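File shown: structure-v7.cif. Contents: mmCIF, C-alpha atoms.
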```cif
data_protein
loop_
_atom_site.label_atom_id
_atom_site.label_comp_id
_atom_site.auth_asym_id
_atom_site.auth_seq_id
_atom_site.Cartn_x
_atom_site.Cartn_y
_atom_site.Cartn_z
CA MET A 1 -8.68 14.00 20.76
CA HIS A 2 -6.63 13.80 17.63
CA GLY A 3 -2.95 14.31 16.86
CA GLU A 4 -0.88 13.88 13.72
CA TYR A 5 2.82 13.80 13.04
CA LYS A 6 4.41 13.48 9.61
CA VAL A 7 7.86 11.94 10.03
CA PRO A 8 10.35 13.99 7.98
CA GLY A 9 11.21 11.74 5.05
CA GLY A 10 8.79 9.18 6.42
CA LYS A 11 5.11 8.50 6.85
CA LEU A 12 2.17 10.00 8.73
CA VAL A 13 1.35 8.82 12.27
CA VAL A 14 -2.12 9.61 13.61
CA VAL A 15 -3.37 9.13 17.16
CA ASP A 16 -6.98 9.30 18.29
CA LEU A 17 -7.63 8.97 22.02
CA SER A 18 -9.71 10.12 24.91
CA VAL A 19 -8.73 10.86 28.49
CA HIS A 20 -10.38 9.14 31.43
CA GLU A 21 -9.44 10.11 35.01
CA GLY A 22 -6.12 11.54 33.93
CA ARG A 23 -5.12 8.57 31.81
CA LEU A 24 -5.07 7.80 28.08
CA SER A 25 -8.06 5.77 27.01
CA GLN A 26 -9.33 4.24 23.75
CA VAL A 27 -5.99 4.90 22.13
CA GLN A 28 -5.95 4.26 18.40
CA VAL A 29 -2.75 4.68 16.41
CA SER A 30 -3.12 4.77 12.64
CA GLY A 31 -1.36 6.07 9.56
CA ASP A 32 0.14 5.29 6.18
CA PHE A 33 3.22 3.64 7.68
CA PHE A 34 4.45 0.05 7.40
CA LEU A 35 4.62 -2.42 10.28
CA GLU A 36 5.42 -6.12 10.36
CA PRO A 37 3.75 -8.13 11.72
CA ALA A 38 0.53 -6.18 11.28
CA GLU A 39 -0.91 -7.38 14.60
CA THR A 40 1.72 -5.26 16.38
CA LEU A 41 -0.60 -2.28 15.93
CA GLY A 42 -2.79 -3.62 18.74
CA ALA A 43 0.26 -3.94 20.97
CA ILE A 44 1.19 -0.30 20.32
CA ASN A 45 -2.32 0.81 21.30
CA ALA A 46 -2.20 -1.37 24.41
CA ALA A 47 1.21 0.03 25.41
CA LEU A 48 -0.27 3.53 25.47
CA GLU A 49 -3.59 2.68 27.09
CA GLY A 50 -3.73 3.87 30.69
CA GLN A 51 -0.61 6.02 30.52
CA PRO A 52 -0.91 9.21 32.57
CA VAL A 53 -1.66 12.36 30.56
CA SER A 54 1.42 13.84 32.21
CA ALA A 55 3.72 11.27 30.55
CA ASP A 56 6.24 13.14 28.44
CA GLU A 57 7.41 12.29 24.94
CA ALA A 58 10.42 10.30 26.12
CA ALA A 59 8.36 8.20 28.54
CA LEU A 60 5.72 7.46 25.89
CA ALA A 61 8.40 6.57 23.34
CA ARG A 62 9.98 4.12 25.80
CA ARG A 63 6.60 2.41 26.32
CA VAL A 64 6.05 2.06 22.58
CA GLN A 65 9.63 0.97 21.87
CA LYS A 66 9.13 -2.07 24.11
CA VAL A 67 6.67 -3.57 21.61
CA LEU A 68 8.72 -2.60 18.55
CA GLU A 69 11.84 -4.62 19.31
CA PRO A 70 12.95 -7.09 16.60
CA PRO A 71 11.60 -9.17 14.95
CA VAL A 72 8.97 -6.44 14.72
CA ALA A 73 9.91 -4.16 11.84
CA THR A 74 8.78 -0.60 11.16
CA PHE A 75 9.21 1.43 7.99
CA GLY A 76 8.50 5.16 7.83
CA PHE A 77 7.97 5.73 11.55
CA ASP A 78 9.28 4.77 14.99
CA ALA A 79 8.35 4.89 18.66
CA ASN A 80 9.33 8.56 18.91
CA ALA A 81 6.94 9.49 16.10
CA VAL A 82 4.07 7.78 17.91
CA ALA A 83 4.99 9.65 21.10
CA VAL A 84 4.98 13.00 19.26
CA ALA A 85 1.53 12.28 17.81
CA VAL A 86 0.21 11.37 21.28
CA ARG A 87 1.54 14.59 22.80
CA ARG A 88 0.00 16.58 19.94
CA ALA A 89 -3.35 14.89 20.56
CA LEU A 90 -3.12 15.90 24.23
CA SER A 91 -2.11 19.52 23.65
CA MET B 1 21.45 -20.03 0.16
CA SER B 2 22.38 -16.88 -1.69
CA ARG B 3 19.84 -14.26 -2.63
CA PRO B 4 18.09 -15.25 -5.89
CA ARG B 5 18.35 -12.72 -8.68
CA TRP B 6 15.50 -11.72 -10.95
CA ASN B 7 16.59 -14.06 -13.71
CA ASP B 8 17.04 -17.04 -11.39
CA LEU B 9 13.27 -17.08 -10.95
CA ASP B 10 10.60 -18.45 -13.27
CA TRP B 11 8.31 -15.40 -13.50
CA GLN B 12 4.69 -15.80 -14.49
CA LEU B 13 2.23 -13.19 -15.68
CA VAL B 14 -1.36 -13.11 -14.48
CA HIS B 15 -3.48 -10.51 -16.27
CA GLU B 16 -7.16 -11.34 -15.91
CA ALA B 17 -10.37 -9.63 -16.99
CA PRO B 18 -11.67 -6.86 -14.67
CA GLN B 19 -12.38 -7.94 -11.09
CA MET B 20 -14.14 -6.29 -8.17
CA PRO B 21 -12.00 -4.38 -5.65
CA ALA B 22 -12.53 -6.79 -2.74
CA LEU B 23 -11.47 -9.70 -4.95
CA HIS B 24 -8.22 -7.91 -5.77
CA MET B 25 -7.54 -7.57 -2.03
CA ALA B 26 -8.18 -11.28 -1.57
CA LEU B 27 -6.05 -12.31 -4.54
CA ASP B 28 -3.08 -10.48 -3.05
CA GLN B 29 -3.36 -12.62 0.07
CA VAL B 30 -3.98 -15.88 -1.80
CA LEU B 31 -1.15 -15.44 -4.30
CA THR B 32 1.36 -14.22 -1.69
CA ASP B 33 0.61 -17.31 0.39
CA ALA B 34 0.78 -19.56 -2.69
CA VAL B 35 4.28 -18.25 -3.50
CA ALA B 36 5.28 -18.58 0.16
CA GLN B 37 4.24 -22.23 0.14
CA GLY B 38 5.92 -22.94 -3.18
CA GLU B 39 2.58 -23.72 -4.84
CA ARG B 40 2.98 -20.95 -7.39
CA PRO B 41 6.09 -19.59 -9.10
CA PRO B 42 6.96 -15.93 -8.58
CA THR B 43 4.26 -13.88 -10.27
CA LEU B 44 3.56 -10.47 -11.74
CA ARG B 45 -0.15 -9.71 -11.61
CA VAL B 46 -1.57 -6.78 -13.53
CA TRP B 47 -4.89 -5.60 -12.14
CA GLU B 48 -7.98 -4.63 -14.10
CA TRP B 49 -10.73 -2.93 -12.13
CA ALA B 50 -14.41 -3.80 -12.53
CA GLY B 51 -15.54 -0.84 -10.45
CA PRO B 52 -14.37 2.29 -8.65
CA ALA B 53 -12.72 1.92 -5.27
CA VAL B 54 -10.96 3.59 -2.44
CA VAL B 55 -8.25 1.24 -1.20
CA ILE B 56 -6.92 2.10 2.24
CA GLY B 57 -3.73 0.83 3.85
CA ARG B 58 -3.69 -1.84 6.56
CA PHE B 59 -3.01 0.72 9.33
CA GLN B 60 -5.13 3.63 8.19
CA SER B 61 -8.19 4.79 10.08
CA LEU B 62 -11.30 4.25 7.97
CA ARG B 63 -13.13 7.34 9.20
CA ASN B 64 -10.07 9.56 9.13
CA GLU B 65 -9.30 8.66 5.53
CA VAL B 66 -12.61 8.20 3.75
CA ASP B 67 -15.73 10.30 3.45
CA ALA B 68 -18.14 7.38 3.56
CA ASP B 69 -21.14 9.43 2.41
CA ALA B 70 -19.27 10.79 -0.59
CA ALA B 71 -18.03 7.31 -1.48
CA ARG B 72 -21.58 5.94 -1.32
CA GLN B 73 -22.88 8.82 -3.44
CA HIS B 74 -20.33 8.08 -6.14
CA GLY B 75 -20.92 4.31 -5.90
CA ILE B 76 -17.35 3.69 -4.80
CA ASP B 77 -16.38 0.51 -2.91
CA VAL B 78 -14.19 1.10 0.14
CA VAL B 79 -11.79 -1.77 0.77
CA ARG B 80 -8.73 -2.35 2.93
CA ARG B 81 -5.62 -4.09 1.65
CA ILE B 82 -3.17 -6.26 3.62
CA SER B 83 -0.19 -3.93 3.15
CA GLY B 84 0.53 -0.63 4.83
CA GLY B 85 0.80 2.71 3.07
CA GLY B 86 -1.72 5.31 2.00
CA ALA B 87 -5.20 5.50 0.49
CA MET B 88 -5.67 5.23 -3.24
CA PHE B 89 -8.56 6.40 -5.37
CA ILE B 90 -9.32 4.09 -8.26
CA GLU B 91 -11.66 4.32 -11.21
CA PRO B 92 -11.46 1.73 -13.96
CA GLY B 93 -9.07 3.11 -16.52
CA ASN B 94 -7.57 5.84 -14.34
CA THR B 95 -4.71 3.91 -12.76
CA ILE B 96 -2.25 1.16 -13.54
CA THR B 97 -1.90 -1.34 -10.68
CA TYR B 98 0.27 -4.41 -10.40
CA SER B 99 1.50 -6.83 -7.74
CA LEU B 100 4.69 -8.82 -7.49
CA TYR B 101 4.69 -12.01 -5.43
CA ALA B 102 8.21 -13.22 -4.79
CA PRO B 103 10.15 -15.34 -2.34
CA GLU B 104 11.30 -13.13 0.53
CA LYS B 105 14.81 -14.47 -0.12
CA MET B 106 14.91 -12.23 -3.18
CA VAL B 107 15.17 -9.17 -0.91
CA GLU B 108 17.06 -10.84 1.94
CA GLY B 109 19.63 -8.58 3.56
CA MET B 110 18.16 -5.48 1.95
CA SER B 111 16.71 -2.60 3.91
CA PHE B 112 13.03 -1.94 3.23
CA ALA B 113 14.06 1.12 1.21
CA GLU B 114 16.43 -0.94 -0.95
CA SER B 115 13.85 -3.66 -1.52
CA TYR B 116 11.26 -1.17 -2.79
CA ALA B 117 13.69 0.30 -5.31
CA HIS B 118 14.95 -3.15 -6.31
CA LEU B 119 11.49 -4.56 -7.01
CA ASP B 120 10.50 -1.55 -9.14
CA ALA B 121 13.74 -1.12 -11.12
CA TRP B 122 12.04 -2.67 -14.17
CA VAL B 123 9.24 -0.08 -13.97
CA ILE B 124 11.68 2.81 -13.90
CA GLU B 125 13.24 1.32 -17.04
CA ALA B 126 9.82 0.83 -18.65
CA LEU B 127 8.85 4.42 -17.93
CA GLY B 128 12.16 5.58 -19.39
CA ALA B 129 11.45 3.62 -22.57
CA LEU B 130 8.12 5.50 -22.74
CA GLY B 131 9.94 8.82 -22.53
CA ILE B 132 9.26 9.52 -18.86
CA LYS B 133 12.28 10.27 -16.75
CA ALA B 134 11.27 8.59 -13.51
CA TRP B 135 13.09 7.62 -10.36
CA TYR B 136 12.47 5.97 -7.04
CA GLN B 137 11.79 8.47 -4.30
CA PRO B 138 12.19 6.98 -0.84
CA LEU B 139 10.41 5.73 0.94
CA ASN B 140 7.87 4.31 -1.47
CA ASP B 141 7.12 6.66 -4.36
CA ILE B 142 7.79 6.56 -8.07
CA ALA B 143 8.42 10.18 -9.02
CA SER B 144 9.07 12.19 -12.16
CA GLU B 145 9.88 15.77 -13.08
CA ILE B 146 6.17 16.62 -13.10
CA GLY B 147 5.50 15.06 -9.71
CA LYS B 148 4.51 11.78 -8.19
CA ILE B 149 3.53 9.01 -10.59
CA GLY B 150 2.81 6.20 -8.19
CA GLY B 151 3.16 4.66 -4.79
CA ALA B 152 4.30 1.21 -3.68
CA ALA B 153 3.49 -0.89 -0.64
CA GLN B 154 4.83 -4.17 0.67
CA THR B 155 4.03 -6.78 3.18
CA ARG B 156 5.75 -10.03 4.03
CA ARG B 157 3.95 -13.25 4.85
CA GLY B 158 5.32 -16.69 5.54
CA GLY B 159 8.48 -16.32 3.48
CA ALA B 160 7.06 -14.34 0.56
CA VAL B 161 7.02 -10.65 -0.18
CA LEU B 162 4.03 -8.88 -1.70
CA HIS B 163 5.02 -5.69 -3.50
CA HIS B 164 2.26 -3.76 -5.21
CA VAL B 165 2.12 -0.42 -6.95
CA THR B 166 -0.58 1.92 -8.17
CA MET B 167 0.36 4.55 -10.73
CA ALA B 168 -1.84 7.45 -11.83
CA TYR B 169 -2.82 7.24 -15.47
CA ASP B 170 -5.53 9.91 -15.54
CA ILE B 171 -7.18 10.75 -12.22
CA ASP B 172 -10.10 13.08 -11.58
CA ALA B 173 -8.54 14.99 -8.69
CA ALA B 174 -11.76 16.77 -7.74
CA LYS B 175 -13.58 13.49 -7.22
CA MET B 176 -10.57 11.99 -5.43
CA LEU B 177 -10.46 14.87 -2.95
CA ASN B 178 -14.20 14.64 -2.48
CA VAL B 179 -13.91 11.05 -1.30
CA LEU B 180 -10.52 10.96 0.43
CA ARG B 181 -9.97 13.09 3.50
CA VAL B 182 -6.56 14.29 2.44
CA GLY B 183 -4.90 16.67 4.83
CA ARG B 184 -3.33 19.76 3.34
CA GLU B 185 0.20 18.60 4.15
CA LYS B 186 -0.43 15.31 2.37
CA LEU B 187 -1.67 16.85 -0.87
CA SER B 188 1.77 17.10 -2.40
CA ASP B 189 2.09 13.35 -1.92
CA LYS B 190 -0.99 12.79 -4.05
CA GLY B 191 0.59 14.51 -7.02
CA THR B 192 -1.57 17.59 -6.89
CA THR B 193 -2.02 20.74 -4.89
CA SER B 194 -5.26 21.75 -6.47
CA ALA B 195 -8.60 19.99 -6.60
CA ASP B 196 -9.49 21.18 -10.09
CA LYS B 197 -6.58 19.49 -11.85
CA ARG B 198 -6.38 16.14 -13.48
CA VAL B 199 -3.51 13.98 -12.33
CA ASP B 200 -2.52 12.39 -15.60
CA PRO B 201 1.24 11.96 -15.77
CA LEU B 202 1.19 8.74 -17.77
CA ARG B 203 -1.53 9.80 -20.20
CA SER B 204 -0.24 13.29 -20.89
CA GLN B 205 3.43 12.38 -21.06
CA THR B 206 3.21 9.25 -23.18
CA GLY B 207 0.21 10.13 -25.34
CA LEU B 208 -0.53 6.41 -25.20
CA ALA B 209 -3.69 4.57 -24.25
CA ARG B 210 -3.57 2.94 -20.82
CA GLU B 211 -3.54 -0.52 -22.40
CA ALA B 212 -0.52 0.43 -24.52
CA VAL B 213 1.37 1.64 -21.44
CA ILE B 214 0.62 -1.67 -19.70
CA ASP B 215 1.73 -3.65 -22.78
CA ARG B 216 5.02 -1.75 -22.85
CA MET B 217 5.56 -2.34 -19.13
CA ILE B 218 4.95 -6.05 -19.51
CA ALA B 219 7.30 -6.15 -22.50
CA THR B 220 10.06 -4.52 -20.45
CA PHE B 221 9.62 -7.02 -17.63
CA ARG B 222 9.61 -9.91 -20.11
CA GLN B 223 12.77 -8.70 -21.77
CA ARG B 224 14.64 -8.08 -18.50
CA HIS B 225 13.55 -11.03 -16.42
CA GLY B 226 11.60 -13.48 -18.57
CA LEU B 227 7.85 -13.85 -18.14
CA ARG B 228 5.49 -16.69 -19.05
CA ASP B 229 1.80 -16.09 -19.54
CA HIS B 230 -0.25 -17.82 -16.91
CA ALA B 231 -3.69 -17.75 -15.31
CA LEU B 232 -5.23 -18.10 -11.89
CA SER B 233 -6.03 -21.67 -10.98
CA ALA B 234 -9.59 -22.66 -10.15
CA GLN B 235 -8.43 -23.30 -6.60
CA GLU B 236 -6.88 -19.83 -6.27
CA LYS B 237 -10.07 -18.23 -7.56
CA ALA B 238 -12.19 -20.23 -5.12
CA GLN B 239 -9.91 -19.36 -2.20
CA ALA B 240 -10.03 -15.67 -3.10
CA GLU B 241 -13.81 -15.67 -3.42
CA GLN B 242 -14.07 -17.32 -0.03
CA LEU B 243 -11.76 -14.69 1.49
CA VAL B 244 -13.93 -11.93 0.01
CA GLU B 245 -16.90 -13.37 1.88
CA GLU B 246 -15.05 -14.05 5.11
CA ARG B 247 -12.75 -11.06 5.25
CA PHE B 248 -12.33 -8.45 2.56
CA ALA B 249 -16.01 -7.57 2.03
CA THR B 250 -16.80 -7.50 5.77
CA PRO B 251 -17.19 -4.32 7.84
CA GLU B 252 -15.00 -5.98 10.52
CA TRP B 253 -11.99 -6.06 8.22
CA THR B 254 -12.58 -2.73 6.48
CA GLY B 255 -13.11 -1.12 9.90
CA ILE B 256 -10.34 -3.02 11.70
CA VAL B 257 -8.79 0.40 12.32
CA PRO B 258 -12.01 2.38 12.70
#
```
For the file at hand, write its structure as C-alpha cells.
Amino acid sequence: MHGEYKVPGGKLVVVDLSVHEGRLSQVQVSGDFFLEPAETLGAINAALEGQPVSADEAALARRVQKVLEPPVATFGFDANAVAVAVRRALS
Amino acid sequence: MSRPRWNDLDWQLVHEAPQMPALHMALDQVLTDAVAQGERPPTLRVWEWAGPAVVIGRFQSLRNEVDADAARQHGIDVVRRISGGGAMFIEPGNTITYSLYAPEKMVEGMSFAESYAHLDAWVIEALGALGIKAWYQPLNDIASEIGKIGGAAQTRRGGAVLHHVTMAYDIDAAKMLNVLRVGREKLSDKGTTSADKRVDPLRSQTGLAREAVIDRMIATFRQRHGLRDHALSAQEKAQAEQLVEERFATPEWTGIVP
C-alpha cells in the first residue's frame, strides 16, 4: 500500500507499507525531505511498525513525534505529514 | 565564538576534470569530513560529470523514483547522495553542479531556510550579472521568471555543512521523464509541465556556453569572498575511491531506502 502527501510549502512524504493481522507492517517512509541525523529515518519506520490500522492521524503523529524531538531536525516535513501519508496509504 | 562571515574564511576552489557519478558522491563525504576536522579550508567544488546519472536524495525510495530499466537502457548510473532532497537527472554538459563545504558555525543560529539562502546569495548575484533575474524560493529552489533553475540540498556532519546545488543548463526533459518516476504534482518542481520541452533556462537566457557560465559564477564568488585555486590531495582522492568501493557504488547504499 502506498500513500503520498506533499506538505504545502514543503516536501513530499511517501509511505509504503503492508498490513498484517490488523497492524502496520514493513513500513517504509521516504521522500525528498531533509532529516538530521539521517539514521532517524529507521526510527520513524520503527515507530510506525505494528501500529493498529485503526490508529488515527493524531495518534500516528504522536508516535512519530517521539523520535523527532531535538536534536533531531526536520526540514520540509513533520510528524503530522508522515501521519497523513500513512492514513492515505491505508485508505 | 561569533558566526564567521564569508570573508573571514579562506575559500578554496576545487574544479577537477570529469569524474564518475559515484566518485562525486564520495567526494562530498570526504571533503565535508575534511572541513569538519580542520584538515581542509572551506571549499567550493565545481563538478564535471564523466557520465550520465540519476542522483537520488538520501531519503528517497529507489524504486519509487527511478525506472531502473530505462536507466539501464540509456546507460545511466543511479547513485544516492548523502543529503536529502529530490532526484536529479544529469548528463555531462546539461547541468551546473557545485558543492560548498563550510564550518557549520557559518550558519549557526540560522534556520535551515535562512542557511540555504545565505549560502547561495553569491549565485543569485552571479545569475543577475548574467542577466537572469533569479531569487531564492523556499525551501530549497533557485527560481527565475521562467521557472525553476536549480535545487539545493544540505547535510551537516561533525561540525561542517555540505551545501550543494544542481542547476539546469540544458536538459532533455523527455529523457528525464523517461528515467525519473515524477508524479504529476511534482512536475512543476522540475521546471517543466511537458515532456517534449527542453529545460534550458541558463543556456537560452544567457546565450553563453556552459563553461562560460561556470567561469562567471566562479568570478563572482572570487570577487565577493576571495577564492584560491586548489586541488584534491592524493589522500582525499584515495579516500573517495575507497568510499566508492565500500559504499557509493554498492547496491546496499543505493538501495538503503528500497
Find the residues of chain A that sit at most 10 Å from chain B; for each, write down the nearest two atoms and how far apart they are in Å, to one decimal. Count only C-alpha atoms. Sort by chain, then by number going up, and give it as JSON lines.
```
{"residue": "A:Lys6", "atom": "CA", "partner": "B:Glu185", "partner_atom": "CA", "distance": 8.6}
{"residue": "A:Gly9", "atom": "CA", "partner": "B:Leu139", "partner_atom": "CA", "distance": 7.3}
{"residue": "A:Gly10", "atom": "CA", "partner": "B:Leu139", "partner_atom": "CA", "distance": 6.7}
{"residue": "A:Lys11", "atom": "CA", "partner": "B:Gly85", "partner_atom": "CA", "distance": 8.1}
{"residue": "A:Leu12", "atom": "CA", "partner": "B:Lys186", "partner_atom": "CA", "distance": 8.7}
{"residue": "A:Val13", "atom": "CA", "partner": "B:Gln60", "partner_atom": "CA", "distance": 9.3}
{"residue": "A:Val14", "atom": "CA", "partner": "B:Ser61", "partner_atom": "CA", "distance": 8.5}
{"residue": "A:Val15", "atom": "CA", "partner": "B:Ser61", "partner_atom": "CA", "distance": 9.6}
{"residue": "A:Asp16", "atom": "CA", "partner": "B:Ser61", "partner_atom": "CA", "distance": 9.4}
{"residue": "A:Gln28", "atom": "CA", "partner": "B:Val257", "partner_atom": "CA", "distance": 7.7}
{"residue": "A:Val29", "atom": "CA", "partner": "B:Phe59", "partner_atom": "CA", "distance": 8.1}
{"residue": "A:Ser30", "atom": "CA", "partner": "B:Gln60", "partner_atom": "CA", "distance": 5.0}
{"residue": "A:Gly31", "atom": "CA", "partner": "B:Gln60", "partner_atom": "CA", "distance": 4.7}
{"residue": "A:Asp32", "atom": "CA", "partner": "B:Gly85", "partner_atom": "CA", "distance": 4.1}
{"residue": "A:Phe33", "atom": "CA", "partner": "B:Gly85", "partner_atom": "CA", "distance": 5.3}
{"residue": "A:Phe34", "atom": "CA", "partner": "B:Gly84", "partner_atom": "CA", "distance": 4.7}
{"residue": "A:Leu35", "atom": "CA", "partner": "B:Gly84", "partner_atom": "CA", "distance": 7.0}
{"residue": "A:Glu36", "atom": "CA", "partner": "B:Thr155", "partner_atom": "CA", "distance": 7.3}
{"residue": "A:Pro37", "atom": "CA", "partner": "B:Arg156", "partner_atom": "CA", "distance": 8.2}
{"residue": "A:Ala38", "atom": "CA", "partner": "B:Arg58", "partner_atom": "CA", "distance": 7.7}
{"residue": "A:Glu39", "atom": "CA", "partner": "B:Phe59", "partner_atom": "CA", "distance": 9.9}
{"residue": "A:Leu41", "atom": "CA", "partner": "B:Phe59", "partner_atom": "CA", "distance": 7.6}
{"residue": "A:Gly42", "atom": "CA", "partner": "B:Val257", "partner_atom": "CA", "distance": 9.7}
{"residue": "A:Ala73", "atom": "CA", "partner": "B:Phe112", "partner_atom": "CA", "distance": 9.4}
{"residue": "A:Thr74", "atom": "CA", "partner": "B:Phe112", "partner_atom": "CA", "distance": 9.1}
{"residue": "A:Phe75", "atom": "CA", "partner": "B:Phe112", "partner_atom": "CA", "distance": 7.0}
{"residue": "A:Gly76", "atom": "CA", "partner": "B:Leu139", "partner_atom": "CA", "distance": 7.2}
```
Could you please take those selected residues and save C-alpha atoms as an mmCIF file, in the coordinates of the input?
```cif
data_model
loop_
_atom_site.group_PDB
_atom_site.id
_atom_site.type_symbol
_atom_site.label_atom_id
_atom_site.label_comp_id
_atom_site.auth_asym_id
_atom_site.auth_seq_id
_atom_site.Cartn_x
_atom_site.Cartn_y
_atom_site.Cartn_z
ATOM 1 C CA LYS A 6 4.410 13.480 9.610
ATOM 2 C CA GLY A 9 11.210 11.740 5.050
ATOM 3 C CA GLY A 10 8.790 9.180 6.420
ATOM 4 C CA LYS A 11 5.110 8.500 6.850
ATOM 5 C CA LEU A 12 2.170 10.000 8.730
ATOM 6 C CA VAL A 13 1.350 8.820 12.270
ATOM 7 C CA VAL A 14 -2.120 9.610 13.610
ATOM 8 C CA VAL A 15 -3.370 9.130 17.160
ATOM 9 C CA ASP A 16 -6.980 9.300 18.290
ATOM 10 C CA GLN A 28 -5.950 4.260 18.400
ATOM 11 C CA VAL A 29 -2.750 4.680 16.410
ATOM 12 C CA SER A 30 -3.120 4.770 12.640
ATOM 13 C CA GLY A 31 -1.360 6.070 9.560
ATOM 14 C CA ASP A 32 0.140 5.290 6.180
ATOM 15 C CA PHE A 33 3.220 3.640 7.680
ATOM 16 C CA PHE A 34 4.450 0.050 7.400
ATOM 17 C CA LEU A 35 4.620 -2.420 10.280
ATOM 18 C CA GLU A 36 5.420 -6.120 10.360
ATOM 19 C CA PRO A 37 3.750 -8.130 11.720
ATOM 20 C CA ALA A 38 0.530 -6.180 11.280
ATOM 21 C CA GLU A 39 -0.910 -7.380 14.600
ATOM 22 C CA LEU A 41 -0.600 -2.280 15.930
ATOM 23 C CA GLY A 42 -2.790 -3.620 18.740
ATOM 24 C CA ALA A 73 9.910 -4.160 11.840
ATOM 25 C CA THR A 74 8.780 -0.600 11.160
ATOM 26 C CA PHE A 75 9.210 1.430 7.990
ATOM 27 C CA GLY A 76 8.500 5.160 7.830
#
```
Contacts of B:Glu211 at 12 Å or less, counting only C-alpha atoms, minus same-chain residues fewer than 3 places along, as a PyMOL selection string?
chain B and resi 15+46-48+92-97+169+202-203+206-208+214-218
Kindly export the residues of the current selection with C-alpha atoms, as an mmCIF file, in the coordinates of the input.
```cif
data_model
loop_
_atom_site.group_PDB
_atom_site.id
_atom_site.type_symbol
_atom_site.label_atom_id
_atom_site.label_comp_id
_atom_site.auth_asym_id
_atom_site.auth_seq_id
_atom_site.Cartn_x
_atom_site.Cartn_y
_atom_site.Cartn_z
ATOM 1 C CA HIS B 15 -3.480 -10.510 -16.270
ATOM 2 C CA VAL B 46 -1.570 -6.780 -13.530
ATOM 3 C CA TRP B 47 -4.890 -5.600 -12.140
ATOM 4 C CA GLU B 48 -7.980 -4.630 -14.100
ATOM 5 C CA PRO B 92 -11.460 1.730 -13.960
ATOM 6 C CA GLY B 93 -9.070 3.110 -16.520
ATOM 7 C CA ASN B 94 -7.570 5.840 -14.340
ATOM 8 C CA THR B 95 -4.710 3.910 -12.760
ATOM 9 C CA ILE B 96 -2.250 1.160 -13.540
ATOM 10 C CA THR B 97 -1.900 -1.340 -10.680
ATOM 11 C CA TYR B 169 -2.820 7.240 -15.470
ATOM 12 C CA LEU B 202 1.190 8.740 -17.770
ATOM 13 C CA ARG B 203 -1.530 9.800 -20.200
ATOM 14 C CA THR B 206 3.210 9.250 -23.180
ATOM 15 C CA GLY B 207 0.210 10.130 -25.340
ATOM 16 C CA LEU B 208 -0.530 6.410 -25.200
ATOM 17 C CA ILE B 214 0.620 -1.670 -19.700
ATOM 18 C CA ASP B 215 1.730 -3.650 -22.780
ATOM 19 C CA ARG B 216 5.020 -1.750 -22.850
ATOM 20 C CA MET B 217 5.560 -2.340 -19.130
ATOM 21 C CA ILE B 218 4.950 -6.050 -19.510
#
```
At a cut-off of 12 Å, using only C-alpha atoms, what residues contact A:His20? Leave out same-chain residues fewer than 5 positions from it and give the result as a PyMOL selection string.
chain A and resi 1+25-27+49-53
Explicit residues for the PyMOL selection byres ((chain B and resi 176) around 10) (as an MDAnalysis selection string)
chainID B and resid 54 71 88:91 171:175 177:182 190 195 198
Take the residues that were just selected and, keeping C-alpha atoms, output them as an mmCIF file, in the coordinates of the input.
```cif
data_model
loop_
_atom_site.group_PDB
_atom_site.id
_atom_site.type_symbol
_atom_site.label_atom_id
_atom_site.label_comp_id
_atom_site.auth_asym_id
_atom_site.auth_seq_id
_atom_site.Cartn_x
_atom_site.Cartn_y
_atom_site.Cartn_z
ATOM 1 C CA VAL B 54 -10.960 3.590 -2.440
ATOM 2 C CA ALA B 71 -18.030 7.310 -1.480
ATOM 3 C CA MET B 88 -5.670 5.230 -3.240
ATOM 4 C CA PHE B 89 -8.560 6.400 -5.370
ATOM 5 C CA ILE B 90 -9.320 4.090 -8.260
ATOM 6 C CA GLU B 91 -11.660 4.320 -11.210
ATOM 7 C CA ILE B 171 -7.180 10.750 -12.220
ATOM 8 C CA ASP B 172 -10.100 13.080 -11.580
ATOM 9 C CA ALA B 173 -8.540 14.990 -8.690
ATOM 10 C CA ALA B 174 -11.760 16.770 -7.740
ATOM 11 C CA LYS B 175 -13.580 13.490 -7.220
ATOM 12 C CA LEU B 177 -10.460 14.870 -2.950
ATOM 13 C CA ASN B 178 -14.200 14.640 -2.480
ATOM 14 C CA VAL B 179 -13.910 11.050 -1.300
ATOM 15 C CA LEU B 180 -10.520 10.960 0.430
ATOM 16 C CA ARG B 181 -9.970 13.090 3.500
ATOM 17 C CA VAL B 182 -6.560 14.290 2.440
ATOM 18 C CA LYS B 190 -0.990 12.790 -4.050
ATOM 19 C CA ALA B 195 -8.600 19.990 -6.600
ATOM 20 C CA ARG B 198 -6.380 16.140 -13.480
#
```
Counting only C-alpha atoms, find the residues whose atoms lie at most 10 Å from (9.3, -14.8, -2.2) (file coordinates) and write them out as a VMD selection string.
chain B and resid 4 9 32 to 38 41 to 43 100 to 108 156 to 162
Starting from the shown file, work through the PyMOL selection byres ((chain A and resi 77-85) around 6) and note down what comes out as a ChimeraX atom specification.
/A:3-5,15,57,60-61,64-65,75-76,86-88
If you measure from atom CA of B:Ala17 to atom CA of B:Leu44, what distance in Å do you get, rounded to one decimal?
14.9 Å
Can you work out the spacing between atom CA of B:Arg3 and atom CA of B:Ala134 in Å, to one decimal?
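The value is 26.7 Å.
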Correct to one decimal, the distance atom CA of B:Lys237-atom CA of B:Leu27 is 7.8 Å
Run the PyMOL selection byres ((chain B and resi 50) around 7) against the file shown and list the residues it catches, as a list in words.
Pro18, Gln19, Met20, Glu48, Trp49, Gly51 and Pro92 of chain B
